[in-house]
$ cat start-v3.pdb   # PDB, C-alpha atoms and all ligand atoms
ATOM      1  CA  MET A  15     -13.401  27.812 -77.282  1.00  0.00           C
ATOM      2  CA  THR A  16     -15.806  27.787 -80.251  1.00  0.00           C
ATOM      3  CA  MET A  17     -16.717  24.455 -81.779  1.00  0.00           C
ATOM      4  CA  PRO A  18     -17.738  23.874 -85.389  1.00  0.00           C
ATOM      5  CA  PRO A  19     -21.547  23.431 -85.585  1.00  0.00           C
ATOM      6  CA  GLU A  20     -21.300  19.780 -86.676  1.00  0.00           C
ATOM      7  CA  ALA A  21     -19.202  18.882 -83.583  1.00  0.00           C
ATOM      8  CA  TYR A  22     -22.366  18.290 -81.546  1.00  0.00           C
ATOM      9  CA  LEU A  23     -23.616  15.765 -84.113  1.00  0.00           C
ATOM     10  CA  TRP A  24     -20.240  13.999 -84.177  1.00  0.00           C
ATOM     11  CA  PHE A  25     -20.285  13.724 -80.393  1.00  0.00           C
ATOM     12  CA  LYS A  26     -23.831  12.372 -80.487  1.00  0.00           C
ATOM     13  CA  ALA A  27     -23.114   9.810 -83.232  1.00  0.00           C
ATOM     14  CA  LEU A  28     -20.027   8.516 -81.416  1.00  0.00           C
ATOM     15  CA  HIS A  29     -21.879   8.632 -78.076  1.00  0.00           C
ATOM     16  CA  ILE A  30     -24.526   6.278 -79.504  1.00  0.00           C
ATOM     17  CA  VAL A  31     -21.835   3.959 -80.943  1.00  0.00           C
ATOM     18  CA  GLY A  32     -20.131   3.889 -77.523  1.00  0.00           C
ATOM     19  CA  VAL A  33     -23.423   3.134 -75.750  1.00  0.00           C
ATOM     20  CA  VAL A  34     -24.185   0.209 -78.116  1.00  0.00           C
ATOM     21  CA  VAL A  35     -20.685  -1.280 -77.646  1.00  0.00           C
ATOM     22  CA  TRP A  36     -20.827  -0.759 -73.868  1.00  0.00           C
ATOM     23  CA  PHE A  37     -24.157  -2.547 -73.495  1.00  0.00           C
ATOM     24  CA  ALA A  38     -23.192  -5.382 -75.847  1.00  0.00           C
ATOM     25  CA  GLY A  39     -20.107  -5.912 -73.654  1.00  0.00           C
ATOM     26  CA  LEU A  40     -22.045  -5.769 -70.368  1.00  0.00           C
ATOM     27  CA  PHE A  41     -24.720  -8.209 -71.547  1.00  0.00           C
ATOM     28  CA  TYR A  42     -22.227 -10.714 -72.908  1.00  0.00           C
ATOM     29  CA  LEU A  43     -19.924 -10.419 -69.880  1.00  0.00           C
ATOM     30  CA  VAL A  44     -22.549 -11.551 -67.376  1.00  0.00           C
ATOM     31  CA  ARG A  45     -23.623 -14.335 -69.779  1.00  0.00           C
ATOM     32  CA  LEU A  46     -20.008 -15.549 -69.711  1.00  0.00           C
ATOM     33  CA  PHE A  47     -20.071 -15.367 -65.893  1.00  0.00           C
ATOM     34  CA  ILE A  48     -23.139 -17.661 -65.948  1.00  0.00           C
ATOM     35  CA  TYR A  49     -21.343 -20.250 -68.126  1.00  0.00           C
ATOM     36  CA  HIS A  50     -18.229 -19.862 -65.962  1.00  0.00           C
ATOM     37  CA  VAL A  51     -20.123 -20.525 -62.705  1.00  0.00           C
ATOM     38  CA  GLU A  52     -22.004 -23.455 -64.256  1.00  0.00           C
ATOM     39  CA  ALA A  53     -18.717 -25.030 -65.421  1.00  0.00           C
ATOM     40  CA  ALA A  54     -18.167 -25.911 -61.723  1.00  0.00           C
ATOM     41  CA  GLU A  55     -20.623 -28.807 -62.211  1.00  0.00           C
ATOM     42  CA  MET A  56     -18.367 -30.461 -64.834  1.00  0.00           C
ATOM     43  CA  ASP A  57     -15.812 -33.244 -64.295  1.00  0.00           C
ATOM     44  CA  PRO A  58     -12.465 -31.831 -62.991  1.00  0.00           C
ATOM     45  CA  PRO A  59     -10.267 -31.940 -66.161  1.00  0.00           C
ATOM     46  CA  VAL A  60     -13.044 -30.561 -68.398  1.00  0.00           C
ATOM     47  CA  LYS A  61     -13.987 -28.023 -65.726  1.00  0.00           C
ATOM     48  CA  GLN A  62     -10.456 -26.628 -65.594  1.00  0.00           C
ATOM     49  CA  ALA A  63     -10.225 -26.279 -69.375  1.00  0.00           C
ATOM     50  CA  PHE A  64     -13.600 -24.506 -69.576  1.00  0.00           C
ATOM     51  CA  GLU A  65     -12.824 -22.193 -66.660  1.00  0.00           C
ATOM     52  CA  GLU A  66      -9.522 -21.153 -68.216  1.00  0.00           C
ATOM     53  CA  GLN A  67     -11.247 -20.471 -71.523  1.00  0.00           C
ATOM     54  CA  TYR A  68     -13.992 -18.393 -69.848  1.00  0.00           C
ATOM     55  CA  MET A  69     -11.398 -16.384 -67.880  1.00  0.00           C
ATOM     56  CA  LEU A  70      -9.592 -15.530 -71.109  1.00  0.00           C
ATOM     57  CA  MET A  71     -12.829 -14.580 -72.883  1.00  0.00           C
ATOM     58  CA  GLU A  72     -13.994 -12.425 -69.951  1.00  0.00           C
ATOM     59  CA  ARG A  73     -10.703 -10.541 -69.719  1.00  0.00           C
ATOM     60  CA  ARG A  74     -10.570  -9.891 -73.452  1.00  0.00           C
ATOM     61  CA  LEU A  75     -14.212  -8.846 -73.576  1.00  0.00           C
ATOM     62  CA  VAL A  76     -13.760  -6.323 -70.755  1.00  0.00           C
ATOM     63  CA  ASN A  77     -10.473  -4.928 -72.103  1.00  0.00           C
ATOM     64  CA  ILE A  78     -11.368  -4.802 -75.794  1.00  0.00           C
ATOM     65  CA  ILE A  79     -15.134  -4.161 -75.838  1.00  0.00           C
ATOM     66  CA  THR A  80     -16.875  -3.298 -72.565  1.00  0.00           C
ATOM     67  CA  THR A  81     -14.515  -0.752 -70.977  1.00  0.00           C
ATOM     68  CA  PRO A  82     -13.550   0.996 -74.267  1.00  0.00           C
ATOM     69  CA  GLY A  83     -17.310   1.236 -75.074  1.00  0.00           C
ATOM     70  CA  MET A  84     -17.899   2.869 -71.684  1.00  0.00           C
ATOM     71  CA  VAL A  85     -14.982   5.298 -72.174  1.00  0.00           C
ATOM     72  CA  LEU A  86     -16.246   6.273 -75.651  1.00  0.00           C
ATOM     73  CA  ALA A  87     -19.864   6.740 -74.464  1.00  0.00           C
ATOM     74  CA  VAL A  88     -18.870   8.824 -71.421  1.00  0.00           C
ATOM     75  CA  SER A  89     -16.197  10.943 -73.146  1.00  0.00           C
ATOM     76  CA  MET A  90     -18.557  11.774 -76.030  1.00  0.00           C
ATOM     77  CA  ALA A  91     -21.279  12.597 -73.489  1.00  0.00           C
ATOM     78  CA  VAL A  92     -18.877  15.069 -71.859  1.00  0.00           C
ATOM     79  CA  GLY A  93     -18.319  16.583 -75.323  1.00  0.00           C
ATOM     80  CA  LEU A  94     -22.092  16.916 -75.760  1.00  0.00           C
ATOM     81  CA  LEU A  95     -22.406  18.693 -72.411  1.00  0.00           C
ATOM     82  CA  ILE A  96     -19.520  21.044 -73.194  1.00  0.00           C
ATOM     83  CA  ALA A  97     -21.105  21.854 -76.560  1.00  0.00           C
ATOM     84  CA  GLN A  98     -24.515  22.391 -74.966  1.00  0.00           C
ATOM     85  CA  PRO A  99     -24.191  23.018 -71.189  1.00  0.00           C
ATOM     86  CA  SER A 100     -27.881  23.960 -70.852  1.00  0.00           C
ATOM     87  CA  TRP A 101     -28.735  20.204 -70.752  1.00  0.00           C
ATOM     88  CA  LEU A 102     -27.264  20.162 -67.268  1.00  0.00           C
ATOM     89  CA  TYR A 103     -30.119  22.327 -65.943  1.00  0.00           C
ATOM     90  CA  GLN A 104     -32.872  19.992 -67.151  1.00  0.00           C
ATOM     91  CA  SER A 105     -34.510  17.437 -64.882  1.00  0.00           C
ATOM     92  CA  TRP A 106     -34.491  14.599 -67.453  1.00  0.00           C
ATOM     93  CA  MET A 107     -30.701  14.950 -67.558  1.00  0.00           C
ATOM     94  CA  HIS A 108     -30.513  14.698 -63.751  1.00  0.00           C
ATOM     95  CA  ALA A 109     -32.545  11.480 -63.901  1.00  0.00           C
ATOM     96  CA  LYS A 110     -30.345  10.203 -66.728  1.00  0.00           C
ATOM     97  CA  LEU A 111     -27.149  10.976 -64.809  1.00  0.00           C
ATOM     98  CA  ALA A 112     -28.477   9.094 -61.767  1.00  0.00           C
ATOM     99  CA  LEU A 113     -29.152   6.043 -63.965  1.00  0.00           C
ATOM    100  CA  VAL A 114     -25.720   6.343 -65.595  1.00  0.00           C
ATOM    101  CA  ALA A 115     -24.152   6.418 -62.104  1.00  0.00           C
ATOM    102  CA  ALA A 116     -26.005   3.147 -61.376  1.00  0.00           C
ATOM    103  CA  LEU A 117     -24.717   1.701 -64.665  1.00  0.00           C
ATOM    104  CA  LEU A 118     -21.134   2.697 -63.834  1.00  0.00           C
ATOM    105  CA  ALA A 119     -21.509   1.045 -60.423  1.00  0.00           C
ATOM    106  CA  TYR A 120     -22.825  -2.085 -62.196  1.00  0.00           C
ATOM    107  CA  HIS A 121     -19.809  -2.015 -64.538  1.00  0.00           C
ATOM    108  CA  ALA A 122     -17.429  -1.784 -61.556  1.00  0.00           C
ATOM    109  CA  PHE A 123     -19.323  -4.563 -59.785  1.00  0.00           C
ATOM    110  CA  CYS A 124     -18.973  -6.838 -62.858  1.00  0.00           C
ATOM    111  CA  TYR A 125     -15.256  -6.098 -62.883  1.00  0.00           C
ATOM    112  CA  ARG A 126     -15.079  -7.174 -59.246  1.00  0.00           C
ATOM    113  CA  LEU A 127     -17.053 -10.353 -59.960  1.00  0.00           C
ATOM    114  CA  MET A 128     -14.604 -11.169 -62.749  1.00  0.00           C
ATOM    115  CA  GLY A 129     -11.734 -11.021 -60.231  1.00  0.00           C
ATOM    116  CA  GLN A 130     -13.650 -13.208 -57.764  1.00  0.00           C
ATOM    117  CA  LEU A 131     -14.353 -15.782 -60.499  1.00  0.00           C
ATOM    118  CA  ARG A 132     -10.674 -15.824 -61.447  1.00  0.00           C
ATOM    119  CA  ARG A 133      -9.706 -16.512 -57.817  1.00  0.00           C
ATOM    120  CA  GLY A 134     -12.512 -19.086 -57.378  1.00  0.00           C
ATOM    121  CA  GLU A 135     -14.180 -16.884 -54.714  1.00  0.00           C
ATOM    122  CA  CYS A 136     -17.431 -16.029 -56.497  1.00  0.00           C
ATOM    123  CA  LYS A 137     -20.478 -16.781 -54.337  1.00  0.00           C
ATOM    124  CA  TRP A 138     -23.087 -15.976 -57.008  1.00  0.00           C
ATOM    125  CA  SER A 139     -25.105 -18.824 -58.524  1.00  0.00           C
ATOM    126  CA  GLY A 140     -26.013 -19.006 -62.232  1.00  0.00           C
ATOM    127  CA  ARG A 141     -29.608 -18.212 -61.279  1.00  0.00           C
ATOM    128  CA  GLN A 142     -28.631 -15.059 -59.366  1.00  0.00           C
ATOM    129  CA  LEU A 143     -26.395 -13.927 -62.220  1.00  0.00           C
ATOM    130  CA  ARG A 144     -29.265 -14.364 -64.680  1.00  0.00           C
ATOM    131  CA  ALA A 145     -31.405 -12.095 -62.516  1.00  0.00           C
ATOM    132  CA  LEU A 146     -28.531  -9.587 -62.218  1.00  0.00           C
ATOM    133  CA  ASN A 147     -28.282  -9.468 -66.016  1.00  0.00           C
ATOM    134  CA  GLU A 148     -31.770  -7.907 -66.158  1.00  0.00           C
ATOM    135  CA  LEU A 149     -30.595  -4.736 -64.398  1.00  0.00           C
ATOM    136  CA  PRO A 150     -28.814  -3.153 -67.406  1.00  0.00           C
ATOM    137  CA  THR A 151     -31.876  -3.931 -69.560  1.00  0.00           C
ATOM    138  CA  LEU A 152     -34.017  -1.855 -67.234  1.00  0.00           C
ATOM    139  CA  ILE A 153     -31.465   0.989 -67.183  1.00  0.00           C
ATOM    140  CA  LEU A 154     -31.224   0.880 -70.995  1.00  0.00           C
ATOM    141  CA  VAL A 155     -34.990   1.167 -71.478  1.00  0.00           C
ATOM    142  CA  LEU A 156     -35.306   4.029 -68.973  1.00  0.00           C
ATOM    143  CA  VAL A 157     -32.322   6.009 -70.316  1.00  0.00           C
ATOM    144  CA  VAL A 158     -33.425   5.679 -73.950  1.00  0.00           C
ATOM    145  CA  MET A 159     -36.920   6.834 -72.955  1.00  0.00           C
ATOM    146  CA  LEU A 160     -35.428   9.792 -71.070  1.00  0.00           C
ATOM    147  CA  VAL A 161     -33.273  10.976 -73.996  1.00  0.00           C
ATOM    148  CA  VAL A 162     -36.164  10.599 -76.430  1.00  0.00           C
ATOM    149  CA  PHE A 163     -39.005  12.082 -74.339  1.00  0.00           C
ATOM    150  CA  LYS A 164     -36.851  14.358 -72.172  1.00  0.00           C
ATOM    151  CA  ASN A 165     -39.050  16.421 -69.816  1.00  0.00           C
ATOM    152  CA  GLN A 166     -42.216  14.968 -71.387  1.00  0.00           C
ATOM    153  CA  PHE A 167     -41.449  11.512 -69.968  1.00  0.00           C
ATOM    154  CA  PRO A 168     -44.688   9.539 -70.513  1.00  0.00           C
ATOM    155  CA  THR A 169     -46.417   7.911 -67.550  1.00  0.00           C
ATOM    156  CA  GLY A 170     -49.489   6.603 -69.404  1.00  0.00           C
ATOM    157  CA  ALA A 171     -50.614   3.158 -70.583  1.00  0.00           C
ATOM    158  CA  ALA A 172     -47.896   2.799 -73.261  1.00  0.00           C
ATOM    159  CA  THR A 173     -45.139   3.151 -70.640  1.00  0.00           C
ATOM    160  CA  TRP A 174     -46.732   0.549 -68.396  1.00  0.00           C
ATOM    161  CA  LEU A 175     -47.126  -1.749 -71.399  1.00  0.00           C
ATOM    162  CA  ILE A 176     -43.388  -1.468 -72.113  1.00  0.00           C
ATOM    163  CA  VAL A 177     -42.498  -1.992 -68.436  1.00  0.00           C
ATOM    164  CA  GLY A 178     -44.820  -5.036 -68.424  1.00  0.00           C
ATOM    165  CA  LEU A 179     -43.175  -6.433 -71.578  1.00  0.00           C
ATOM    166  CA  VAL A 180     -39.666  -6.013 -70.115  1.00  0.00           C
ATOM    167  CA  LEU A 181     -40.779  -7.760 -66.898  1.00  0.00           C
ATOM    168  CA  PHE A 182     -42.472 -10.509 -68.906  1.00  0.00           C
ATOM    169  CA  MET A 183     -39.267 -11.089 -70.910  1.00  0.00           C
ATOM    170  CA  ALA A 184     -37.144 -11.139 -67.746  1.00  0.00           C
ATOM    171  CA  ILE A 185     -39.453 -13.653 -66.019  1.00  0.00           C
ATOM    172  CA  SER A 186     -39.656 -15.834 -69.175  1.00  0.00           C
ATOM    173  CA  ILE A 187     -35.844 -15.995 -69.377  1.00  0.00           C
ATOM    174  CA  GLN A 188     -35.653 -17.083 -65.717  1.00  0.00           C
ATOM    175  CA  LEU A 189     -38.352 -19.727 -66.206  1.00  0.00           C
ATOM    176  CA  TYR A 190     -36.743 -21.045 -69.393  1.00  0.00           C
ATOM    177  CA  ALA A 191     -33.363 -21.347 -67.605  1.00  0.00           C
ATOM    178  CA  ARG A 192     -35.034 -23.214 -64.735  1.00  0.00           C
ATOM    179  CA  TRP A 193     -36.814 -25.564 -67.199  1.00  0.00           C
ATOM    180  CA  ARG A 194     -33.458 -26.301 -68.924  1.00  0.00           C
ATOM    181  CA  ARG A 195     -31.835 -27.007 -65.559  1.00  0.00           C
ATOM    182  CA  LEU A 196     -34.600 -29.458 -64.688  1.00  0.00           C
ATOM    183  CA  GLN A 197     -34.240 -31.159 -68.105  1.00  0.00           C
ATOM    184  CA  LYS A 198     -30.513 -31.588 -67.466  1.00  0.00           C
ATOM    185  CA  GLN A 199     -31.210 -33.193 -64.098  1.00  0.00           C
ATOM    186  CA  THR A 200     -33.523 -35.830 -65.706  1.00  0.00           C
ATOM    187  CA  PRO A 201     -31.578 -39.144 -65.587  1.00  0.00           C
ATOM    188  CA  ILE A 202     -30.397 -40.186 -69.078  1.00  0.00           C
ATOM    189  CA  LYS A 203     -31.258 -43.824 -68.142  1.00  0.00           C
ATOM    190  CA  ASN A 204     -34.971 -43.000 -68.195  1.00  0.00           C
ATOM    191  CA  ILE A 205     -34.764 -41.323 -71.598  1.00  0.00           C
ATOM    192  CA  SER A 206     -32.811 -44.151 -73.271  1.00  0.00           C
ATOM    193  CA  HIS A 207     -35.297 -46.724 -71.940  1.00  0.00           C
ATOM    194  CA  GLY A 208     -38.188 -44.626 -73.116  1.00  0.00           C
ATOM    195  CA  GLU A 209     -39.624 -44.474 -69.574  1.00  0.00           C
TER     196      GLU A 209
HETATM  197  C1  LIG B   1     -22.102   9.854 -69.034  1.00  0.00           C
HETATM  198  C2  LIG B   1     -23.387   9.952 -69.003  1.00  0.00           C
HETATM  199  C3  LIG B   1     -24.197  10.477 -70.170  1.00  0.00           C
HETATM  200  C4  LIG B   1     -24.427  11.784 -70.505  1.00  0.00           C
HETATM  201  C5  LIG B   1     -23.895  13.036 -69.803  1.00  0.00           C
HETATM  202  C6  LIG B   1     -25.239  11.795 -71.705  1.00  0.00           C
HETATM  203  C7  LIG B   1     -25.650  12.906 -72.376  1.00  0.00           C
HETATM  204  C8  LIG B   1     -26.332  12.912 -73.579  1.00  0.00           C
HETATM  205  C9  LIG B   1     -26.702  14.087 -74.336  1.00  0.00           C
HETATM  206  C10 LIG B   1     -26.417  15.529 -73.906  1.00  0.00           C
HETATM  207  C11 LIG B   1     -27.334  13.670 -75.442  1.00  0.00           C
HETATM  208  C12 LIG B   1     -27.893  14.549 -76.573  1.00  0.00           C
HETATM  209  C13 LIG B   1     -29.380  14.749 -76.429  1.00  0.00           C
HETATM  210  C14 LIG B   1     -29.969  15.417 -77.643  1.00  0.00           C
HETATM  211  O1  LIG B   1     -29.239  15.987 -78.462  1.00  0.00           O
HETATM  212  O2  LIG B   1     -31.192  15.404 -77.768  1.00  0.00           O
HETATM  213  C15 LIG B   1     -27.377  12.230 -75.414  1.00  0.00           C
HETATM  214  C16 LIG B   1     -27.935  11.463 -76.388  1.00  0.00           C
HETATM  215  C17 LIG B   1     -28.172  10.125 -76.255  1.00  0.00           C
HETATM  216  N1  LIG B   1     -27.802   9.325 -75.186  1.00  0.00           N
HETATM  217 FE1  LIG B   1     -26.626   9.883 -73.647  1.00  0.00          FE
HETATM  218  N2  LIG B   1     -25.518  10.478 -72.039  1.00  0.00           N
HETATM  219  C18 LIG B   1     -24.921   9.649 -71.131  1.00  0.00           C
HETATM  220  C19 LIG B   1     -24.987   8.259 -71.105  1.00  0.00           C
HETATM  221  C20 LIG B   1     -25.866   7.530 -71.896  1.00  0.00           C
HETATM  222  C21 LIG B   1     -26.166   6.133 -71.722  1.00  0.00           C
HETATM  223  C22 LIG B   1     -25.600   5.236 -70.618  1.00  0.00           C
HETATM  224  C23 LIG B   1     -27.070   5.790 -72.684  1.00  0.00           C
HETATM  225  C24 LIG B   1     -27.753   4.470 -72.926  1.00  0.00           C
HETATM  226  C25 LIG B   1     -28.315   3.768 -71.984  1.00  0.00           C
HETATM  227  C26 LIG B   1     -27.317   6.947 -73.497  1.00  0.00           C
HETATM  228  C27 LIG B   1     -28.119   6.981 -74.598  1.00  0.00           C
HETATM  229  C28 LIG B   1     -28.270   8.054 -75.422  1.00  0.00           C
HETATM  230  C29 LIG B   1     -28.987   8.031 -76.693  1.00  0.00           C
HETATM  231  C30 LIG B   1     -29.689   6.808 -77.317  1.00  0.00           C
HETATM  232  C31 LIG B   1     -28.919   9.332 -77.225  1.00  0.00           C
HETATM  233  C32 LIG B   1     -29.510   9.851 -78.540  1.00  0.00           C
HETATM  234  C33 LIG B   1     -30.842  10.537 -78.268  1.00  0.00           C
HETATM  235  C34 LIG B   1     -31.384  11.353 -79.412  1.00  0.00           C
HETATM  236  O3  LIG B   1     -30.675  11.646 -80.395  1.00  0.00           O
HETATM  237  O4  LIG B   1     -32.539  11.752 -79.339  1.00  0.00           O
HETATM  238  N3  LIG B   1     -26.558   8.001 -72.972  1.00  0.00           N
HETATM  239  N4  LIG B   1     -26.763  11.791 -74.262  1.00  0.00           N
END

$ encode --input "start-v3.pdb" --output "structure tokens"
Amino acid sequence: MTMPPEAYLWFKALHIVGVVVWFAGLFYLVRLFIYHVEAAEMDPPVKQAFEEQYMLMERRLVNIITTPGMVLAVSMAVGLLIAQPSWLYQSWMHAKLALVAALLAYHAFCYRLMGQLRRGECKWSGRQLRALNELPTLILVLVVMLVVFKNQFPTGAATWLIVGLVLFMAISIQLYARWRRLQKQTPIKNISHGE
């Protein structure tokens, strides 16, 4: 089957759109899980209302954004490989496929967590979920670097600087969340009395 020459570019453009939608969905989904888990600390009637709302938002997000984004990204990637099968013999592509397999496993895991949250069986704390949410960031940075640099993947100072920045951001987010938790635990009595 011969493809028109612009087909490759169409596949690539739609592949990038799919990737953006997929990641937006994955990032927001785990953020919703964090709010959902933390709703357990609320008073019972409020808690129930919030949990129902989060369940609805999670289901819609997965069905309308996250999974369709994944399907678009992967199906367009298959189109790219059919149009140019030689990519499959390159080592950067092997590394990329391994990372994509990890991302697909993460997607499936999030789907499972969503079911556990719905049934009230989720054992993950908000803190653990925040840490989990850093995993797709790491995969995103590595995959984008692989597609841009391909077999010339850089291992010099600039790469370590980027890795350091990503780690710094991840640690800052964790520390900020912990600081907010501690602020919440401060008794209101002390604040209102200016103590
Ligand atoms: C199903 C697995 C995937 C396969 C087989 C695949 C394959 C490809 C191929 C063959 C290209 C074209 C490379 C070029 O023309 O230079 C490409 C481009 C791209 N891919 Fe993927 N991809 C996959 C998943 C992903 C994921 C998960 C991400 C994001 C984390 C991603 C991000 C990108 C980006 C940003 C480009 C554009 C690169 C450029 O134009 O230089 N891909 N992909």

$ resolve_selection --input "start-v3.pdb" --expression "the PyMOL selection byres (((chain A and resi 95) around 12) and not hetatm)" --output "PDB file with C-alpha atoms, in the frame of the given file"
ATOM      1  CA  ALA A  21     -19.202  18.882 -83.583  1.00  0.00           C
ATOM      2  CA  TYR A  22     -22.366  18.290 -81.546  1.00  0.00           C
ATOM      3  CA  PHE A  25     -20.285  13.724 -80.393  1.00  0.00           C
ATOM      4  CA  LYS A  26     -23.831  12.372 -80.487  1.00  0.00           C
ATOM      5  CA  HIS A  29     -21.879   8.632 -78.076  1.00  0.00           C
ATOM      6  CA  VAL A  88     -18.870   8.824 -71.421  1.00  0.00           C
ATOM      7  CA  SER A  89     -16.197  10.943 -73.146  1.00  0.00           C
ATOM      8  CA  MET A  90     -18.557  11.774 -76.030  1.00  0.00           C
ATOM      9  CA  ALA A  91     -21.279  12.597 -73.489  1.00  0.00           C
ATOM     10  CA  VAL A  92     -18.877  15.069 -71.859  1.00  0.00           C
ATOM     11  CA  GLY A  93     -18.319  16.583 -75.323  1.00  0.00           C
ATOM     12  CA  LEU A  94     -22.092  16.916 -75.760  1.00  0.00           C
ATOM     13  CA  ILE A  96     -19.520  21.044 -73.194  1.00  0.00           C
ATOM     14  CA  ALA A  97     -21.105  21.854 -76.560  1.00  0.00           C
ATOM     15  CA  GLN A  98     -24.515  22.391 -74.966  1.00  0.00           C
ATOM     16  CA  PRO A  99     -24.191  23.018 -71.189  1.00  0.00           C
ATOM     17  CA  SER A 100     -27.881  23.960 -70.852  1.00  0.00           C
ATOM     18  CA  TRP A 101     -28.735  20.204 -70.752  1.00  0.00           C
ATOM     19  CA  LEU A 102     -27.264  20.162 -67.268  1.00  0.00           C
ATOM     20  CA  TYR A 103     -30.119  22.327 -65.943  1.00  0.00           C
ATOM     21  CA  GLN A 104     -32.872  19.992 -67.151  1.00  0.00           C
ATOM     22  CA  MET A 107     -30.701  14.950 -67.558  1.00  0.00           C
ATOM     23  CA  LEU A 111     -27.149  10.976 -64.809  1.00  0.00           C
TER      24      LEU A 111
END

$ axis_aligned_box --input "start-v3.pdb" --around "segment 88-100 of chain A" --padding-each-side "5 Å" --output "JSON"
{"center_x": -22.0, "center_y": 16.4, "center_z": -73.7, "size_x": 21.7, "size_y": 25.1, "size_z": 15.7}

$ residues_around --input "start-v3.pdb" --residues "segment 134-150 of chain A" --least-positions-apart "2" --cutoff "9 Å" --atoms "only C-alpha atoms" --output "CSV table (one decimal) with C-alpha atoms, in the frame of the given file"
chain,number,residue,atom,x,y,z
A,37,PHE,CA,-24.2,-2.5,-73.5
A,40,LEU,CA,-22.0,-5.8,-70.4
A,41,PHE,CA,-24.7,-8.2,-71.5
A,44,VAL,CA,-22.5,-11.6,-67.4
A,45,ARG,CA,-23.6,-14.3,-69.8
A,47,PHE,CA,-20.1,-15.4,-65.9
A,48,ILE,CA,-23.1,-17.7,-65.9
A,49,TYR,CA,-21.3,-20.2,-68.1
A,50,HIS,CA,-18.2,-19.9,-66.0
A,51,VAL,CA,-20.1,-20.5,-62.7
A,52,GLU,CA,-22.0,-23.5,-64.3
A,117,LEU,CA,-24.7,1.7,-64.7
A,120,TYR,CA,-22.8,-2.1,-62.2
A,127,LEU,CA,-17.1,-10.4,-60.0
A,128,MET,CA,-14.6,-11.2,-62.7
A,129,GLY,CA,-11.7,-11.0,-60.2
A,130,GLN,CA,-13.6,-13.2,-57.8
A,131,LEU,CA,-14.4,-15.8,-60.5
A,132,ARG,CA,-10.7,-15.8,-61.4
A,152,LEU,CA,-34.0,-1.9,-67.2
A,153,ILE,CA,-31.5,1.0,-67.2
A,154,LEU,CA,-31.2,0.9,-71.0
A,155,VAL,CA,-35.0,1.2,-71.5
A,184,ALA,CA,-37.1,-11.1,-67.7
A,185,ILE,CA,-39.5,-13.7,-66.0
A,187,ILE,CA,-35.8,-16.0,-69.4
A,188,GLN,CA,-35.7,-17.1,-65.7
A,191,ALA,CA,-33.4,-21.3,-67.6
A,192,ARG,CA,-35.0,-23.2,-64.7

$ resolve_selection --input "start-v3.pdb" --expression "the PyMOL selection byres (((chain A and resi 171-179) around 12) and not hetatm)" --output "JSON, numbers by chain"
{"A": [151, 152, 153, 154, 155, 156, 159, 160, 163, 167, 168, 169, 170, 180, 181, 182, 183, 184, 185, 186]}

$ residues_near_point --input "start-v3.pdb" --point "(-19.6, 1.0, -72.7)" --cutoff "9 Å" --atoms "only C-alpha atoms" --output "PyMOL selection string"
chain A and resi 32-40+79-88+121

$ atom_distance --input "start-v3.pdb" --atom1 "atom CA of Ile30 of chain A" --atom2 "atom CA of Leu46 of chain A"
24.3 Å

$ atom_distance --input "start-v3.pdb" --atom1 "atom CA of Val161 of chain A" --atom2 "atom C1 of ligand LIG 1 (chain B)"
12.3 Å

$ closest_residue --input "start-v3.pdb" --among "A:Met17, A:Val76, A:Met71, A:Leu189" --to "Arg126 of chain A" --atoms "all atoms listed in the file"
A:Val76

$ atom_distance --input "start-v3.pdb" --atom1 "atom C29 of ligand LIG 1 (chain B)" --atom2 "atom CA of Pro18 of chain A"
21.3 Å

$ closest_residue --input "start-v3.pdb" --among "A:Leu28, A:Ala53, A:Val60, A:Val114" --to "ligand LIG 1 (chain B)" --atoms "all atoms listed in the file"
A:Val114

$ closest_residue --input "start-v3.pdb" --among "A:Arg133, A:Val31, A:Tyr42, A:Trp24" --to "Glu66 of chain A" --atoms "only C-alpha atoms"
A:Arg133

$ closest_residue --input "start-v3.pdb" --among "A:Gln67, A:Asn165, A:Gln62, A:Asn77" --to "ligand LIG 1 (chain B)" --atoms "all atoms listed in the file"
A:Asn165

$ build_atoms --input "start-v3.pdb" --residues "segment 60-67 of chain A" --atoms "N, CA and C atoms" --output "PDB file, in the frame of the given file"
ATOM      1  N   VAL A  60     -12.250 -31.370 -67.458  1.00  0.00           N
ATOM      2  CA  VAL A  60     -13.044 -30.561 -68.398  1.00  0.00           C
ATOM      3  C   VAL A  60     -13.323 -29.201 -67.762  1.00  0.00           C
ATOM      4  N   LYS A  61     -13.669 -29.239 -66.488  1.00  0.00           N
ATOM      5  CA  LYS A  61     -13.987 -28.023 -65.726  1.00  0.00           C
ATOM      6  C   LYS A  61     -12.838 -27.027 -65.819  1.00  0.00           C
ATOM      7  N   GLN A  62     -11.618 -27.528 -65.588  1.00  0.00           N
ATOM      8  CA  GLN A  62     -10.456 -26.628 -65.594  1.00  0.00           C
ATOM      9  C   GLN A  62     -10.257 -25.983 -66.964  1.00  0.00           C
ATOM     10  N   ALA A  63     -10.414 -26.801 -68.017  1.00  0.00           N
ATOM     11  CA  ALA A  63     -10.225 -26.279 -69.375  1.00  0.00           C
ATOM     12  C   ALA A  63     -11.268 -25.205 -69.684  1.00  0.00           C
ATOM     13  N   PHE A  64     -12.541 -25.473 -69.302  1.00  0.00           N
ATOM     14  CA  PHE A  64     -13.600 -24.506 -69.576  1.00  0.00           C
ATOM     15  C   PHE A  64     -13.377 -23.220 -68.775  1.00  0.00           C
ATOM     16  N   GLU A  65     -13.009 -23.389 -67.499  1.00  0.00           N
ATOM     17  CA  GLU A  65     -12.824 -22.193 -66.660  1.00  0.00           C
ATOM     18  C   GLU A  65     -11.700 -21.315 -67.207  1.00  0.00           C
ATOM     19  N   GLU A  66     -10.625 -21.946 -67.655  1.00  0.00           N
ATOM     20  CA  GLU A  66      -9.522 -21.153 -68.216  1.00  0.00           C
ATOM     21  C   GLU A  66      -9.969 -20.400 -69.462  1.00  0.00           C
ATOM     22  N   GLN A  67     -10.757 -21.104 -70.295  1.00  0.00           N
ATOM     23  CA  GLN A  67     -11.247 -20.471 -71.523  1.00  0.00           C
ATOM     24  C   GLN A  67     -12.170 -19.290 -71.190  1.00  0.00           C
TER      25      GLN A  67
END
